[in-house]
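As stored in target_22.txt (compact mmCIF, C-alpha atoms):
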# COMPACT_ATOMS: atom_id res chain seq x y z
CA MET A 1 96.61 75.99 87.94
CA ASN A 2 96.48 75.85 91.74
CA ASN A 3 94.31 73.36 93.64
CA ARG A 4 91.53 75.85 94.30
CA ASN A 5 91.21 76.69 90.62
CA ILE A 6 91.13 72.99 89.71
CA VAL A 7 88.31 72.42 92.22
CA LEU A 8 86.37 75.41 90.87
CA PHE A 9 86.91 74.24 87.29
CA ILE A 10 85.63 70.73 88.09
CA GLY A 11 82.77 72.19 90.17
CA GLY A 12 81.91 74.41 87.21
CA ILE A 13 81.80 71.40 84.87
CA VAL A 14 79.40 69.60 87.21
CA PHE A 15 77.31 72.77 87.71
CA GLY A 16 77.05 73.38 83.95
CA PHE A 17 76.20 69.73 83.31
CA GLY A 18 73.40 69.97 85.89
CA LEU A 19 72.03 73.20 84.43
CA ALA A 20 71.90 71.67 80.95
CA LEU A 21 70.47 68.38 82.24
CA GLY A 22 67.75 70.34 84.06
CA GLY A 23 66.84 72.28 80.90
CA MET A 24 68.05 75.63 82.23
CA SER A 25 70.30 76.26 79.23
CA LYS A 26 67.12 76.82 77.23
CA PRO A 27 65.57 80.27 77.85
CA GLU A 28 62.32 78.79 76.49
CA ILE A 29 62.09 76.41 79.48
CA VAL A 30 62.84 79.21 81.96
CA LEU A 31 60.16 81.32 80.26
CA SER A 32 57.65 78.46 80.43
CA PHE A 33 58.16 78.51 84.21
CA LEU A 34 57.73 82.28 84.43
CA GLN A 35 54.61 81.98 82.24
CA LEU A 36 53.37 79.46 84.85
CA LYS A 37 53.15 76.60 82.35
CA ASP A 38 55.88 74.32 83.75
CA PHE A 39 56.94 74.42 87.39
CA GLY A 40 60.07 72.30 86.88
CA LEU A 41 62.40 75.20 87.70
CA ILE A 42 61.10 75.20 91.29
CA LEU A 43 61.85 71.48 91.58
CA LEU A 44 65.36 72.05 90.27
CA MET A 45 65.99 74.96 92.61
CA GLY A 46 64.54 73.01 95.56
CA ALA A 47 66.63 69.93 94.88
CA GLY A 48 69.80 71.99 94.40
CA THR A 49 69.16 73.98 97.55
CA GLY A 50 68.38 70.84 99.57
CA VAL A 51 71.66 69.17 98.62
CA ALA A 52 73.67 72.38 99.11
CA PHE A 53 72.05 72.90 102.54
CA VAL A 54 73.73 69.75 103.85
CA ALA A 55 77.18 70.90 102.72
CA ILE A 56 76.76 74.52 103.80
CA ASN A 57 74.90 74.05 107.08
CA VAL A 58 75.31 70.53 108.39
CA VAL A 59 78.83 69.38 107.48
CA PRO A 60 80.62 72.47 108.94
CA ARG A 61 79.18 71.55 112.37
CA PHE A 62 81.32 68.43 112.36
CA VAL A 63 84.24 69.45 110.17
CA LYS A 64 86.13 72.59 111.15
CA LYS A 65 87.92 73.48 107.93
CA PRO A 66 87.52 72.98 104.17
CA VAL A 67 89.66 70.13 102.80
CA LEU A 68 92.05 72.56 101.08
CA GLY A 69 92.34 74.76 104.17
CA GLY A 70 91.05 78.27 104.81
CA GLU A 71 87.63 78.71 106.33
CA PHE A 72 84.02 78.02 105.47
CA LYS A 73 82.85 81.42 104.25
CA PRO A 74 79.42 82.48 105.49
CA ARG A 75 77.23 84.16 102.88
CA THR A 76 77.04 87.68 104.26
CA ARG A 77 74.44 89.81 102.56
CA THR A 78 72.47 92.36 104.51
CA LEU A 79 69.04 93.28 103.30
CA SER A 80 69.01 96.76 101.83
CA ARG A 81 66.95 98.75 99.38
CA ASN A 82 69.45 97.76 96.68
CA THR A 83 68.84 94.04 97.31
CA LEU A 84 65.18 94.45 96.41
CA ILE A 85 65.56 97.10 93.67
CA GLY A 86 68.26 94.93 92.08
CA ALA A 87 66.13 91.80 92.36
CA THR A 88 63.24 93.68 90.75
CA ILE A 89 65.39 94.83 87.81
CA PHE A 90 66.83 91.32 87.49
CA GLY A 91 63.26 89.94 87.49
CA VAL A 92 62.28 92.20 84.59
CA GLY A 93 65.33 91.08 82.58
CA TRP A 94 64.70 87.44 83.50
CA GLY A 95 61.04 87.59 82.48
CA LEU A 96 61.92 89.43 79.28
CA SER A 97 64.61 87.04 78.09
CA GLY A 98 64.58 83.81 80.12
CA GLN A 99 68.29 84.30 80.86
CA CYS A 100 70.20 84.42 84.10
CA PRO A 101 73.99 84.44 84.55
CA GLY A 102 74.60 80.70 85.05
CA SER A 103 72.01 79.56 82.56
CA ALA A 104 73.44 81.91 79.92
CA LEU A 105 76.93 80.41 80.32
CA SER A 106 75.54 76.88 80.11
CA SER A 107 73.51 77.92 77.07
CA LEU A 108 76.76 78.76 75.31
CA GLY A 109 77.87 75.18 76.00
CA VAL A 110 74.83 73.70 74.26
CA GLY A 111 75.73 75.70 71.16
CA ASN A 112 73.30 78.57 71.59
CA ILE A 113 75.53 81.20 69.97
CA PRO A 114 72.95 84.06 70.10
CA VAL A 115 73.24 84.00 73.91
CA LEU A 116 76.62 85.72 73.46
CA LEU A 117 74.55 88.88 72.92
CA GLY A 118 72.93 88.32 76.30
CA ILE A 119 76.24 87.64 78.06
CA ALA A 120 77.87 90.72 76.51
CA ALA A 121 74.87 92.76 77.66
CA MET A 122 75.18 91.31 81.19
CA PHE A 123 78.75 92.61 81.35
CA GLN A 124 77.51 96.01 80.14
CA GLY A 125 74.78 96.06 82.79
CA ALA A 126 77.24 95.04 85.51
CA TYR A 127 79.61 97.78 84.31
CA VAL A 128 76.95 100.49 84.47
CA MET A 129 75.95 99.27 87.93
CA GLY A 130 79.51 99.33 89.30
CA ARG A 131 80.51 102.56 87.54
CA PHE A 132 77.50 104.70 88.45
CA PHE A 133 75.79 102.97 91.35
CA GLY A 134 78.62 101.09 93.09
CA MET B 1 52.17 71.54 86.05
CA PHE B 2 55.01 69.44 84.58
CA PRO B 3 54.54 68.93 80.82
CA LEU B 4 58.14 67.71 80.44
CA GLY B 5 58.02 65.42 83.49
CA VAL B 6 59.90 65.95 86.73
CA THR B 7 62.94 63.66 86.43
CA SER B 8 65.34 65.90 84.52
CA TYR B 9 64.54 68.86 86.78
CA ILE B 10 65.16 66.94 89.98
CA LEU B 11 68.31 65.25 88.66
CA GLY B 12 69.62 68.56 87.30
CA GLY B 13 68.99 70.21 90.66
CA VAL B 14 70.75 67.43 92.57
CA VAL B 15 73.78 67.66 90.25
CA ILE B 16 73.92 71.45 90.73
CA GLY B 17 73.65 70.97 94.51
CA LEU B 18 76.50 68.45 94.40
CA ALA B 19 78.65 70.93 92.46
CA VAL B 20 78.00 73.67 95.03
CA SER B 21 78.69 71.19 97.86
CA PHE B 22 81.91 69.89 96.29
CA VAL B 23 83.30 73.41 95.94
CA TYR B 24 82.18 74.48 99.43
CA LEU B 25 83.56 71.44 101.24
CA LEU B 26 86.92 71.66 99.49
CA THR B 27 87.47 75.41 99.37
CA GLY B 28 84.91 77.08 101.67
CA GLN B 29 83.79 79.25 98.73
CA HIS B 30 80.21 79.68 97.57
CA ALA B 31 80.13 78.60 93.92
CA THR B 32 77.90 81.37 92.58
CA GLN B 33 77.57 83.00 89.21
CA SER B 34 76.82 86.69 88.87
CA SER B 35 79.90 88.07 90.71
CA LEU B 36 81.84 86.88 87.64
CA PHE B 37 80.81 90.04 85.80
CA SER B 38 82.11 92.47 88.41
CA SER B 39 85.23 90.45 89.21
CA THR B 40 86.18 90.04 85.53
CA LEU B 41 85.66 93.77 84.91
CA SER B 42 88.46 94.39 87.44
CA TYR B 43 90.92 93.19 84.76
CA PHE B 44 89.84 96.02 82.45
CA SER B 45 88.57 98.85 84.61
CA LYS B 46 90.00 101.07 87.34
CA VAL B 47 86.53 101.81 88.74
CA PRO B 48 86.88 101.24 92.51
CA PHE B 49 83.75 99.08 92.75
CA PHE B 50 85.31 96.36 90.57
CA ASN B 51 88.63 96.53 92.39
CA ARG B 52 87.28 95.61 95.80
CA LYS B 53 89.28 93.00 97.69
CA THR B 54 86.56 90.37 97.31
CA TYR B 55 86.58 90.66 93.49
CA LEU B 56 90.36 90.81 93.19
CA GLU B 57 90.66 87.69 95.34
CA SER B 58 88.03 85.73 93.45
CA ARG B 59 88.45 86.93 89.87
CA GLU B 60 90.76 84.11 88.84
CA TRP B 61 88.73 81.19 90.19
CA ARG B 62 85.51 82.74 88.91
CA LEU B 63 86.90 82.52 85.38
CA TYR B 64 87.86 78.87 85.89
CA PHE B 65 84.40 78.24 87.30
CA ALA B 66 82.68 79.94 84.34
CA ALA B 67 84.83 78.01 81.85
CA GLY B 68 83.78 74.83 83.67
CA VAL B 69 80.08 75.73 83.43
CA ILE B 70 80.35 76.19 79.66
CA LEU B 71 82.35 72.97 79.29
CA GLY B 72 79.95 70.99 81.50
CA ALA B 73 76.97 72.00 79.35
CA LEU B 74 78.98 71.09 76.25
CA LEU B 75 79.78 67.72 77.81
CA TYR B 76 76.07 67.11 78.42
CA THR B 77 75.26 68.12 74.84
CA VAL B 78 77.71 65.69 73.24
CA THR B 79 76.92 62.78 75.59
CA ILE B 80 73.42 62.19 76.97
CA SER B 81 71.46 65.14 75.55
CA PRO B 82 68.47 63.99 73.48
CA ASP B 83 68.59 67.18 71.37
CA GLY B 84 72.26 67.76 70.60
CA PHE B 85 73.31 71.32 69.75
CA TRP B 86 70.49 73.78 70.02
CA THR B 87 69.71 77.46 69.35
CA THR B 88 67.11 79.64 71.04
CA SER B 89 64.25 81.29 69.20
CA VAL B 90 64.05 84.14 71.73
CA GLN B 91 64.50 87.35 69.72
CA TRP B 92 67.89 89.12 69.74
CA TRP B 93 66.47 92.32 71.24
CA ARG B 94 65.13 90.38 74.20
CA LEU B 95 68.50 88.69 74.80
CA LEU B 96 70.19 92.09 74.61
CA LEU B 97 67.79 94.17 76.70
CA GLY B 98 67.06 91.33 79.13
CA GLY B 99 70.78 90.60 79.47
CA PHE B 100 71.54 94.21 80.35
CA LEU B 101 68.88 94.26 83.07
CA VAL B 102 70.07 90.88 84.38
CA GLY B 103 73.67 92.14 84.60
CA PHE B 104 72.66 95.40 86.27
CA GLY B 105 70.05 93.91 88.59
CA THR B 106 72.01 90.90 89.82
CA ARG B 107 74.97 93.09 90.71
CA LEU B 108 72.87 95.72 92.46
CA SER B 109 71.18 92.92 94.38
CA SER B 110 74.50 91.09 95.03
CA GLY B 111 73.18 87.77 93.76
CA CYS B 112 71.24 85.87 91.13
CA THR B 113 69.28 82.62 90.86
CA SER B 114 72.45 80.81 91.89
CA GLY B 115 73.81 83.14 94.60
CA HIS B 116 70.54 84.14 96.24
CA GLY B 117 68.56 81.17 94.96
CA ILE B 118 70.72 78.17 95.80
CA SER B 119 73.65 79.26 97.99
CA GLY B 120 71.67 81.99 99.77
CA ILE B 121 68.64 79.93 100.69
CA ALA B 122 70.86 76.95 101.56
CA SER B 123 72.63 79.35 103.96
CA LEU B 124 69.19 80.23 105.43
CA SER B 125 69.75 83.88 104.52
CA THR B 126 66.54 85.89 104.85
CA THR B 127 68.05 88.56 102.59
CA SER B 128 68.35 85.97 99.85
CA LEU B 129 64.84 84.67 100.50
CA TYR B 130 63.39 88.18 99.99
CA ALA B 131 65.49 88.62 96.84
CA VAL B 132 64.31 85.27 95.41
CA ILE B 133 60.65 86.00 96.11
CA THR B 134 61.08 89.43 94.48
CA PHE B 135 62.74 88.26 91.28
CA ILE B 136 60.37 85.34 90.83
CA VAL B 137 57.24 87.50 91.31
CA VAL B 138 58.59 90.24 89.00
CA GLY B 139 59.77 87.63 86.48
CA VAL B 140 56.33 86.00 86.39
CA ILE B 141 54.60 89.37 85.92
CA THR B 142 57.03 90.42 83.17
CA ALA B 143 56.84 87.11 81.29
CA ASN B 144 53.03 87.17 81.36
CA LEU B 145 52.92 90.79 80.21
CA MET B 146 55.10 89.82 77.25
CA LEU B 147 52.78 86.92 76.54
CA MET B 148 49.77 89.25 76.60
CA LEU B 149 51.54 91.61 74.21
CA GLY B 150 51.90 88.67 71.83
CA VAL B 151 55.68 88.31 72.17
CA ALA B 152 56.58 84.62 71.79
CA PRO B 153 58.16 82.34 72.92
Re-express the file's structure as structure tokens.
Amino acid sequence: MNNRNIVLFIGGIVFGFGLALGGMSKPEIVLSFLQLKDFGLILLMGAGTGVAFVAINVVPRFVKKPVLGGEFKPRTRTLSRNTLIGATIFGVGWGLSGQCPGSALSSLGVGNIPVLLGIAAMFQGAYVMGRFFG
Amino acid sequence: MFPLGVTSYILGGVVIGLAVSFVYLLTGQHATQSSLFSSTLSYFSKVPFFNRKTYLESREWRLYFAAGVILGALLYTVTISPDGFWTTSVQWWRLLLGGFLVGFGTRLSSGCTSGHGISGIASLSTTSLYAVITFIVVGVITANLMLMLGVAP
């Protein structure tokens, strides 16, 4: 395992711990947000974004390179029709099932075996997208 | 507004933010989730979309990252979780159909709640902001329609 993979593995452990701690491994809690009964998901997203903002936007002004070398990659996504059509389709799936990619993986970690169906279906959906619309 | 309190949400968010920060400061990579599907498909498929440079370069660390996410949630479950192991009561057909749309939609949109939601907004990307507003509004409408149709939870 090279250093980058070790960092990503550790980062993944922390990310998954945070998702589970914040209740996101339970589709029921995500659905209670989308049903406008519990606004905790917004707090979680806001806190996560606030902390990440410092690392992504502030630190690179003072530090030129990542610790392991290479460069700080900007997130380059240009707004297109697909961004919004994709987000709409994602929203339907999210509202239908309370699952998103990260939360589904963390859900597996809390022992929610049925979510394997959801993860398998996500791969199918990603395949159809790349095969016919990529 | 917050029937379960606010503490676990804020703490969970901070921990997720720290994970994203840790990865970014050490490697310069955005620790995001949904690209995993496309990058992992490059191991099995010759379809050009999955064999783009960006997926071939990231497919290995994305698997380590995903394994970490599963393990981290497991770690939470066996240490400080008040509930222990847990299974959803969301019906199988919703997991399946919803999952398909999530996989398709996040890839068409090039991001999910993590990529657009956390890394994208933290990068002050307006593209991501529009995507987040779109999937939250559509998610709220869909979830409430399901509720009206008597589908629970």
### Task
Can you work out which one of B:Gly111, B:Pro82, B:Gly72, B:Pro48 has the shortest atom-to-atom distance to chain A, counting only C-alpha atoms?
B:Gly72
### Message
I want to know what sits within 12 Å of B:Ile80, based on only C-alpha atoms, with residues of the same chain fewer than 4 positions away left out; could you give that as a PyMOL selection string?
### Response
(chain A and resi 17-18+20-21+110) or (chain B and resi 8+72-76+84-85)
### Task
Could you check which of B:Ser58, B:His116, B:Arg107, B:Gly150 is closest to chain A, using only C-alpha atoms?
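Closest residue, counting only C-alpha atoms: B:Arg107.
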Quick one: residues within 8 Å of stretch 31-46 of chain B, all atoms listed in the file counted, chain neighbours fewer than 3 positions away excluded, as a PDB file with C-alpha atoms, in the frame of the given file?
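File around30.pdb, as written:
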ATOM      1  CA  LEU A   8      86.370  75.410  90.870  1.00  0.00           C
ATOM      2  CA  GLY A  11      82.770  72.190  90.170  1.00  0.00           C
ATOM      3  CA  PRO A 101      73.990  84.440  84.550  1.00  0.00           C
ATOM      4  CA  GLY A 102      74.600  80.700  85.050  1.00  0.00           C
ATOM      5  CA  MET A 122      75.180  91.310  81.190  1.00  0.00           C
ATOM      6  CA  PHE A 123      78.750  92.610  81.350  1.00  0.00           C
ATOM      7  CA  ALA A 126      77.240  95.040  85.510  1.00  0.00           C
ATOM      8  CA  TYR A 127      79.610  97.780  84.310  1.00  0.00           C
ATOM      9  CA  GLY A 130      79.510  99.330  89.300  1.00  0.00           C
TER      10      GLY A 130
ATOM     11  CA  ALA B  19      78.650  70.930  92.460  1.00  0.00           C
ATOM     12  CA  VAL B  20      78.000  73.670  95.030  1.00  0.00           C
ATOM     13  CA  VAL B  23      83.300  73.410  95.940  1.00  0.00           C
ATOM     14  CA  TYR B  24      82.180  74.480  99.430  1.00  0.00           C
ATOM     15  CA  PHE B  50      85.310  96.360  90.570  1.00  0.00           C
ATOM     16  CA  ASN B  51      88.630  96.530  92.390  1.00  0.00           C
ATOM     17  CA  TYR B  55      86.580  90.660  93.490  1.00  0.00           C
ATOM     18  CA  LEU B  56      90.360  90.810  93.190  1.00  0.00           C
ATOM     19  CA  SER B  58      88.030  85.730  93.450  1.00  0.00           C
ATOM     20  CA  ARG B  59      88.450  86.930  89.870  1.00  0.00           C
ATOM     21  CA  ARG B  62      85.510  82.740  88.910  1.00  0.00           C
ATOM     22  CA  LEU B  63      86.900  82.520  85.380  1.00  0.00           C
ATOM     23  CA  PHE B  65      84.400  78.240  87.300  1.00  0.00           C
ATOM     24  CA  ALA B  66      82.680  79.940  84.340  1.00  0.00           C
ATOM     25  CA  GLY B 103      73.670  92.140  84.600  1.00  0.00           C
ATOM     26  CA  THR B 106      72.010  90.900  89.820  1.00  0.00           C
ATOM     27  CA  ARG B 107      74.970  93.090  90.710  1.00  0.00           C
ATOM     28  CA  SER B 110      74.500  91.090  95.030  1.00  0.00           C
ATOM     29  CA  GLY B 111      73.180  87.770  93.760  1.00  0.00           C
ATOM     30  CA  CYS B 112      71.240  85.870  91.130  1.00  0.00           C
ATOM     31  CA  SER B 114      72.450  80.810  91.890  1.00  0.00           C
ATOM     32  CA  GLY B 115      73.810  83.140  94.600  1.00  0.00           C
ATOM     33  CA  SER B 119      73.650  79.260  97.990  1.00  0.00           C
TER      34      SER B 119
END
### Task
Compare B:Gly105, B:Gly120, B:Pro153, B:Gly139 by their minimum atom-to-atom distance to A:Ile85, counting only C-alpha atoms, and give me the closest one.
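Smallest distance to A:Ile85 is found for B:Gly105.
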### Task
Can you work out which one of A:Pro27, A:Gly86, A:Gly125, A:Pro66 has the shortest atom-to-atom distance to A:Val7, counting only C-alpha atoms?
A:Pro66
#### Entry: For atom CA of A:Asp38 and atom CA of B:Leu4, the interatomic separation in Å (one decimal)
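Separation between atom CA of A:Asp38 and atom CA of B:Leu4: 7.7 Å.
For the residues A:Pro60, A:Gly91, A:Gly111, A:Gly40, ranking by smallest atom-to-atom distance to A:Gly23 using all atoms listed in the file places A:Gly40 first.
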### Query
What does the distance between atom CA of B:Ser109 and atom CA of A:Gln99 come to in Å, to one decimal place?
16.3 Å
Can you sort out stretch 3-27 of chain A so it carries N, CA and C atoms, written as a PDB file, in the frame of the given file?
ATOM      1  N   ASN A   3      95.350  74.321  93.265  1.00  0.00           N
ATOM      2  CA  ASN A   3      94.310  73.360  93.640  1.00  0.00           C
ATOM      3  C   ASN A   3      92.922  73.976  93.677  1.00  0.00           C
ATOM      4  N   ARG A   4      92.829  75.220  94.203  1.00  0.00           N
ATOM      5  CA  ARG A   4      91.530  75.850  94.300  1.00  0.00           C
ATOM      6  C   ARG A   4      90.914  76.042  92.919  1.00  0.00           C
ATOM      7  N   ASN A   5      91.742  76.487  91.962  1.00  0.00           N
ATOM      8  CA  ASN A   5      91.210  76.690  90.620  1.00  0.00           C
ATOM      9  C   ASN A   5      90.780  75.381  89.976  1.00  0.00           C
ATOM     10  N   ILE A   6      91.518  74.301  90.258  1.00  0.00           N
ATOM     11  CA  ILE A   6      91.130  72.990  89.710  1.00  0.00           C
ATOM     12  C   ILE A   6      89.776  72.579  90.269  1.00  0.00           C
ATOM     13  N   VAL A   7      89.593  72.768  91.590  1.00  0.00           N
ATOM     14  CA  VAL A   7      88.310  72.420  92.220  1.00  0.00           C
ATOM     15  C   VAL A   7      87.171  73.252  91.609  1.00  0.00           C
ATOM     16  N   LEU A   8      87.403  74.556  91.433  1.00  0.00           N
ATOM     17  CA  LEU A   8      86.370  75.410  90.870  1.00  0.00           C
ATOM     18  C   LEU A   8      86.064  75.035  89.419  1.00  0.00           C
ATOM     19  N   PHE A   9      87.107  74.648  88.690  1.00  0.00           N
ATOM     20  CA  PHE A   9      86.910  74.240  87.290  1.00  0.00           C
ATOM     21  C   PHE A   9      86.059  72.967  87.238  1.00  0.00           C
ATOM     22  N   ILE A  10      86.418  71.978  88.069  1.00  0.00           N
ATOM     23  CA  ILE A  10      85.630  70.730  88.090  1.00  0.00           C
ATOM     24  C   ILE A  10      84.212  71.012  88.586  1.00  0.00           C
ATOM     25  N   GLY A  11      84.093  71.817  89.659  1.00  0.00           N
ATOM     26  CA  GLY A  11      82.770  72.190  90.170  1.00  0.00           C
ATOM     27  C   GLY A  11      81.947  72.877  89.093  1.00  0.00           C
ATOM     28  N   GLY A  12      82.591  73.724  88.311  1.00  0.00           N
ATOM     29  CA  GLY A  12      81.910  74.410  87.210  1.00  0.00           C
ATOM     30  C   GLY A  12      81.395  73.420  86.175  1.00  0.00           C
ATOM     31  N   ILE A  13      82.218  72.420  85.847  1.00  0.00           N
ATOM     32  CA  ILE A  13      81.800  71.400  84.870  1.00  0.00           C
ATOM     33  C   ILE A  13      80.547  70.686  85.370  1.00  0.00           C
ATOM     34  N   VAL A  14      80.567  70.302  86.648  1.00  0.00           N
ATOM     35  CA  VAL A  14      79.400  69.600  87.210  1.00  0.00           C
ATOM     36  C   VAL A  14      78.179  70.527  87.234  1.00  0.00           C
ATOM     37  N   PHE A  15      78.395  71.780  87.648  1.00  0.00           N
ATOM     38  CA  PHE A  15      77.310  72.770  87.710  1.00  0.00           C
ATOM     39  C   PHE A  15      76.689  72.955  86.318  1.00  0.00           C
ATOM     40  N   GLY A  16      77.536  73.148  85.319  1.00  0.00           N
ATOM     41  CA  GLY A  16      77.050  73.380  83.950  1.00  0.00           C
ATOM     42  C   GLY A  16      76.330  72.166  83.396  1.00  0.00           C
ATOM     43  N   PHE A  17      76.855  70.975  83.735  1.00  0.00           N
ATOM     44  CA  PHE A  17      76.200  69.730  83.310  1.00  0.00           C
ATOM     45  C   PHE A  17      74.793  69.670  83.910  1.00  0.00           C
ATOM     46  N   GLY A  18      74.691  69.992  85.209  1.00  0.00           N
ATOM     47  CA  GLY A  18      73.400  69.970  85.890  1.00  0.00           C
ATOM     48  C   GLY A  18      72.419  70.978  85.320  1.00  0.00           C
ATOM     49  N   LEU A  19      72.910  72.184  85.026  1.00  0.00           N
ATOM     50  CA  LEU A  19      72.030  73.200  84.430  1.00  0.00           C
ATOM     51  C   LEU A  19      71.472  72.718  83.103  1.00  0.00           C
ATOM     52  N   ALA A  20      72.350  72.139  82.266  1.00  0.00           N
ATOM     53  CA  ALA A  20      71.900  71.670  80.950  1.00  0.00           C
ATOM     54  C   ALA A  20      70.967  70.475  81.091  1.00  0.00           C
ATOM     55  N   LEU A  21      71.321  69.542  81.988  1.00  0.00           N
ATOM     56  CA  LEU A  21      70.470  68.380  82.240  1.00  0.00           C
ATOM     57  C   LEU A  21      69.078  68.811  82.697  1.00  0.00           C
ATOM     58  N   GLY A  22      69.026  69.842  83.535  1.00  0.00           N
ATOM     59  CA  GLY A  22      67.750  70.340  84.060  1.00  0.00           C
ATOM     60  C   GLY A  22      67.034  71.298  83.119  1.00  0.00           C
ATOM     61  N   GLY A  23      67.540  71.466  81.903  1.00  0.00           N
ATOM     62  CA  GLY A  23      66.840  72.280  80.900  1.00  0.00           C
ATOM     63  C   GLY A  23      67.095  73.772  81.006  1.00  0.00           C
ATOM     64  N   MET A  24      67.906  74.193  81.979  1.00  0.00           N
ATOM     65  CA  MET A  24      68.050  75.630  82.230  1.00  0.00           C
ATOM     66  C   MET A  24      68.858  76.356  81.153  1.00  0.00           C
ATOM     67  N   SER A  25      69.567  75.590  80.300  1.00  0.00           N
ATOM     68  CA  SER A  25      70.300  76.260  79.230  1.00  0.00           C
ATOM     69  C   SER A  25      69.366  76.724  78.120  1.00  0.00           C
ATOM     70  N   LYS A  26      68.086  76.371  78.231  1.00  0.00           N
ATOM     71  CA  LYS A  26      67.120  76.820  77.230  1.00  0.00           C
ATOM     72  C   LYS A  26      66.239  77.934  77.822  1.00  0.00           C
ATOM     73  N   PRO A  27      66.406  79.173  77.346  1.00  0.00           N
ATOM     74  CA  PRO A  27      65.570  80.270  77.850  1.00  0.00           C
ATOM     75  C   PRO A  27      64.083  79.943  77.714  1.00  0.00           C
TER      76      PRO A  27
END
